[in-house]
Structure formats: C-alpha cells, structure tokens
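One structure is given below, encoded as structure tokens.
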Amino acid sequence: MPKRLELALEAVILASRWLLVIFYLGLALALAVYALTFGVKLWDFISHAFDIGETDAILKMLGLIDAALVASLVVMVIISGYESYVYRFDNDGSVHWLGEIDAGSLKIKVASTIVAISSIHLLQIFLNVGTHTGDQLMWYTLIHITFIISALFLAYIDRISAMTKSIARGGKPADATKKPAAVEP
C-alpha cells in the first residue's frame, strides 16, 4: 500500500471518532427529556405527599432516586466516552471533578450503578410483594443476583488487569492496589 494512501486511510479512521459526538448529543437530549419526566414525577409526589401512605411515599421517593441514578449513569457515559474516545477536555481545572475514568473503571461504575438501580427496583417490588407471584419474585431476585455477580467479576477482572500492568512496568503485583503516597508540602 502506498504511504500516501495509508496516511489518508489513517486520517479517515482517526476522524471517524467525531461521529461519536452525535451519540453523545443524542444522549444529552434524551437526558433532557428524562429530566422533564423526573419533574413530572416530582410534582406528582409533592402534590400528593400528604394524601398517600408511608409505603406509597417510600415507593415514589425510590422512583425519584432511581431516576437520579439513571441520569447519573447517562452523564457518566457521555462525559467519560467523550473524554476517552473523542477529545480530551481542556485541563484548566474546570473539570477536575471528573477524575480519571478509563474504560475499565467506567465499566465498573456502570455495573455498580446498574446494581444500585436493580436494588431499588427489587426494593420497590418487595414493598408491593402482594402484587407479584412467587415465580416473579424469584426471577427478579435471580436477575438482581446476576447483576451483582457480573459487577463483581468486572471488578475482579479490572484488578487483575491493573496488577498485570503494574508487573509489566516492573512493579510488584501488590503495587496495583496501593494508592500513591501523599506529598507533604
């Protein structure tokens, strides 16, 4: 392959990452719509707060917590995906709260959030246990356990990966689990 064609092909492939921006903007738009539905749920809760029982109040609050977790998950995917695959944010300190989110830690955070969302759904189901059959309760619980096991395996795989990288850099396997020492001023 001629060098000029190879460079052109590499430029096209590298530029294709900008197509991801369409997906991130779509997720941002979906998040805005979801925020509106959250507002409707919040208004419904506020307007009926004194007319409903304690269990119904808890269920509505769990629904609001669930919505906040889903929204956080979407924001996490948008920001870390853009930062990882499209373009780095300017390092002026305005996004210092992002921290370092690589693909491995993103998977773990997403899995943890899914487990939290599943936990809330399961709690909502158990608060309305009379409306579900025994088989349904069993399946909901098994699905939740599957999410937990998947999240634990992802965390384990990420830990092994970090240890492998540490060994490859000449460190010891235990170095991957230690945080760097704080520097004294």
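Residues in the structure tokens are numbered from 1 in each chain, the chains being A, B, ... in the order shown, and ligands are numbered from 1 in the order shown.
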
Give me the stretch 17-107 of chain A side of the contact with stretch 129-153 of chain A, cut-off 12 Å, one line per residue showing its nearest atom pair and distance in Å at one decimal, counting only C-alpha atoms, sorted by chain and residue number, as CSV.
```
residue,atom,partner,partner_atom,distance
A:Thr55,CA,A:Val129,CA,11.8
A:Gly104,CA,A:Ala151,CA,11.7
A:Ser105,CA,A:Ala151,CA,11.3
A:Leu106,CA,A:Ala151,CA,11.6
A:Lys107,CA,A:Ala151,CA,8.6
```

Please produce a file of those selected residues containing C-alpha atoms, as an mmCIF file, in the first residue's frame.
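Ended up saving to out.cif:
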```cif
data_model
loop_
_atom_site.group_PDB
_atom_site.id
_atom_site.type_symbol
_atom_site.label_atom_id
_atom_site.label_comp_id
_atom_site.auth_asym_id
_atom_site.auth_seq_id
_atom_site.Cartn_x
_atom_site.Cartn_y
_atom_site.Cartn_z
ATOM 1 C CA THR A 55 -45.317 2.882 51.769
ATOM 2 C CA GLY A 104 -12.164 -0.366 32.845
ATOM 3 C CA SER A 105 -13.270 1.933 35.643
ATOM 4 C CA LEU A 106 -16.208 3.115 33.534
ATOM 5 C CA LYS A 107 -17.405 -0.483 33.185
#
```

* Measure the distance from atom CA of A:Leu73 to atom CA of A:Ser166 in Å and round it to one decimal. =>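 Separation between atom CA of A:Leu73 and atom CA of A:Ser166: 29.1 Å.
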
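Taking only C-alpha atoms into account, A:Ile125 lies nearest to A:Leu62 out of the set A:Ile108, A:Ala155, A:Leu62, A:Ala168.
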
* Asked: Could you name the residues that touch A:Phe38 at 9 Å or less, counting only C-alpha atoms, but leaving out those on the same chain fewer than 6 positions away, as a PyMOL selection string?
  -> chain A and resi 64+67-68

For the selection just defined, write its residues with N, CA and C atoms to a file, as a PDB file, in the first residue's frame.
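The result, stored in selection36.pdb:
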```
ATOM      1  N   LEU A  64     -37.818   8.357  42.448  1.00  0.00           N
ATOM      2  CA  LEU A  64     -37.007   9.556  42.204  1.00  0.00           C
ATOM      3  C   LEU A  64     -35.511   9.238  42.327  1.00  0.00           C
ATOM      4  N   ALA A  67     -34.475   7.429  39.230  1.00  0.00           N
ATOM      5  CA  ALA A  67     -34.315   8.349  38.100  1.00  0.00           C
ATOM      6  C   ALA A  67     -32.989   9.109  38.204  1.00  0.00           C
ATOM      7  N   ALA A  68     -32.618   9.514  39.404  1.00  0.00           N
ATOM      8  CA  ALA A  68     -31.352  10.226  39.585  1.00  0.00           C
ATOM      9  C   ALA A  68     -30.163   9.323  39.252  1.00  0.00           C
TER      10      ALA A  68
END
```

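One finds atom CA of A:Val70 at 24.2 Å from atom CA of A:Glu54.
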
* A:Ile65, A:Ile117, A:Val77, A:Leu123 ranked by distance to A:Phe23, top pick (using only C-alpha atoms) -> A:Val77

* Would you mind listing what lies within 9 Å of A:Ala28 as a ChimeraX atom specification, with only C-alpha atoms counted and same-chain residues fewer than 4 positions away left out? => /A:23-24,32-33,74-75,78

Writing out the chosen residues with N, CA and C atoms as a PDB file, in the first residue's frame:
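The result, written out as out_34.pdb:
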```
ATOM      1  N   PHE A  23     -23.838  10.586  18.993  1.00  0.00           N
ATOM      2  CA  PHE A  23     -24.421   9.723  20.019  1.00  0.00           C
ATOM      3  C   PHE A  23     -24.466  10.433  21.369  1.00  0.00           C
ATOM      4  N   TYR A  24     -23.389  11.139  21.710  1.00  0.00           N
ATOM      5  CA  TYR A  24     -23.348  11.828  22.995  1.00  0.00           C
ATOM      6  C   TYR A  24     -24.358  12.977  23.042  1.00  0.00           C
ATOM      7  N   ALA A  32     -32.303  15.319  28.768  1.00  0.00           N
ATOM      8  CA  ALA A  32     -33.185  16.480  28.960  1.00  0.00           C
ATOM      9  C   ALA A  32     -34.654  16.043  29.009  1.00  0.00           C
ATOM     10  N   VAL A  33     -35.027  15.133  28.130  1.00  0.00           N
ATOM     11  CA  VAL A  33     -36.406  14.615  28.136  1.00  0.00           C
ATOM     12  C   VAL A  33     -36.661  13.854  29.436  1.00  0.00           C
ATOM     13  N   VAL A  74     -26.147   8.123  32.657  1.00  0.00           N
ATOM     14  CA  VAL A  74     -26.086   8.718  31.317  1.00  0.00           C
ATOM     15  C   VAL A  74     -25.001   9.792  31.264  1.00  0.00           C
ATOM     16  N   VAL A  75     -24.936  10.647  32.275  1.00  0.00           N
ATOM     17  CA  VAL A  75     -23.906  11.692  32.314  1.00  0.00           C
ATOM     18  C   VAL A  75     -22.517  11.075  32.356  1.00  0.00           C
ATOM     19  N   ILE A  78     -21.672   9.842  28.871  1.00  0.00           N
ATOM     20  CA  ILE A  78     -21.419  10.948  27.943  1.00  0.00           C
ATOM     21  C   ILE A  78     -20.035  11.544  28.185  1.00  0.00           C
TER      22      ILE A  78
END
```

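Note that the spacing between atom CA of A:Ser16 and atom CA of A:Ile114 amounts to 29.6 Å.
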
* Can you work out which one of A:Ala71, A:Ile157, A:Ala116, A:Ala11 has the shortest atom-to-atom distance to A:Ala30, counting only C-alpha atoms? =>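 Nearest to A:Ala30: A:Ala71.
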
* Using only C-alpha atoms, which residues sit within 9 Å of A:Leu20 once same-chain residues fewer than 2 positions away are excluded, as a PyMOL selection string? -> chain A and resi 16-18+22-25+81-82+85-86

* Shell of 8 Å around stretch 57-61 of chain A, only C-alpha atoms, local chain residues under 6 positions omitted, as a list in words -> Lys41, Phe45, Ala49, Gln124 and Leu127 of chain A

Emit the selected residues as a PDB file, in the first residue's frame, including N, CA and C atoms.
```
ATOM      1  N   LYS A  41     -42.723  13.418  37.808  1.00  0.00           N
ATOM      2  CA  LYS A  41     -42.772  12.507  38.957  1.00  0.00           C
ATOM      3  C   LYS A  41     -42.628  13.273  40.274  1.00  0.00           C
ATOM      4  N   PHE A  45     -45.362  13.628  43.275  1.00  0.00           N
ATOM      5  CA  PHE A  45     -45.058  13.289  44.662  1.00  0.00           C
ATOM      6  C   PHE A  45     -45.372  14.456  45.598  1.00  0.00           C
ATOM      7  N   ALA A  49     -48.192  14.330  48.498  1.00  0.00           N
ATOM      8  CA  ALA A  49     -47.381  13.876  49.632  1.00  0.00           C
ATOM      9  C   ALA A  49     -48.204  13.658  50.897  1.00  0.00           C
ATOM     10  N   GLN A 124     -38.606  -1.863  45.582  1.00  0.00           N
ATOM     11  CA  GLN A 124     -39.961  -1.449  45.212  1.00  0.00           C
ATOM     12  C   GLN A 124     -40.874  -2.662  45.049  1.00  0.00           C
ATOM     13  N   LEU A 127     -41.722  -4.097  48.436  1.00  0.00           N
ATOM     14  CA  LEU A 127     -42.690  -3.264  49.157  1.00  0.00           C
ATOM     15  C   LEU A 127     -44.103  -3.484  48.634  1.00  0.00           C
TER      16      LEU A 127
END
```
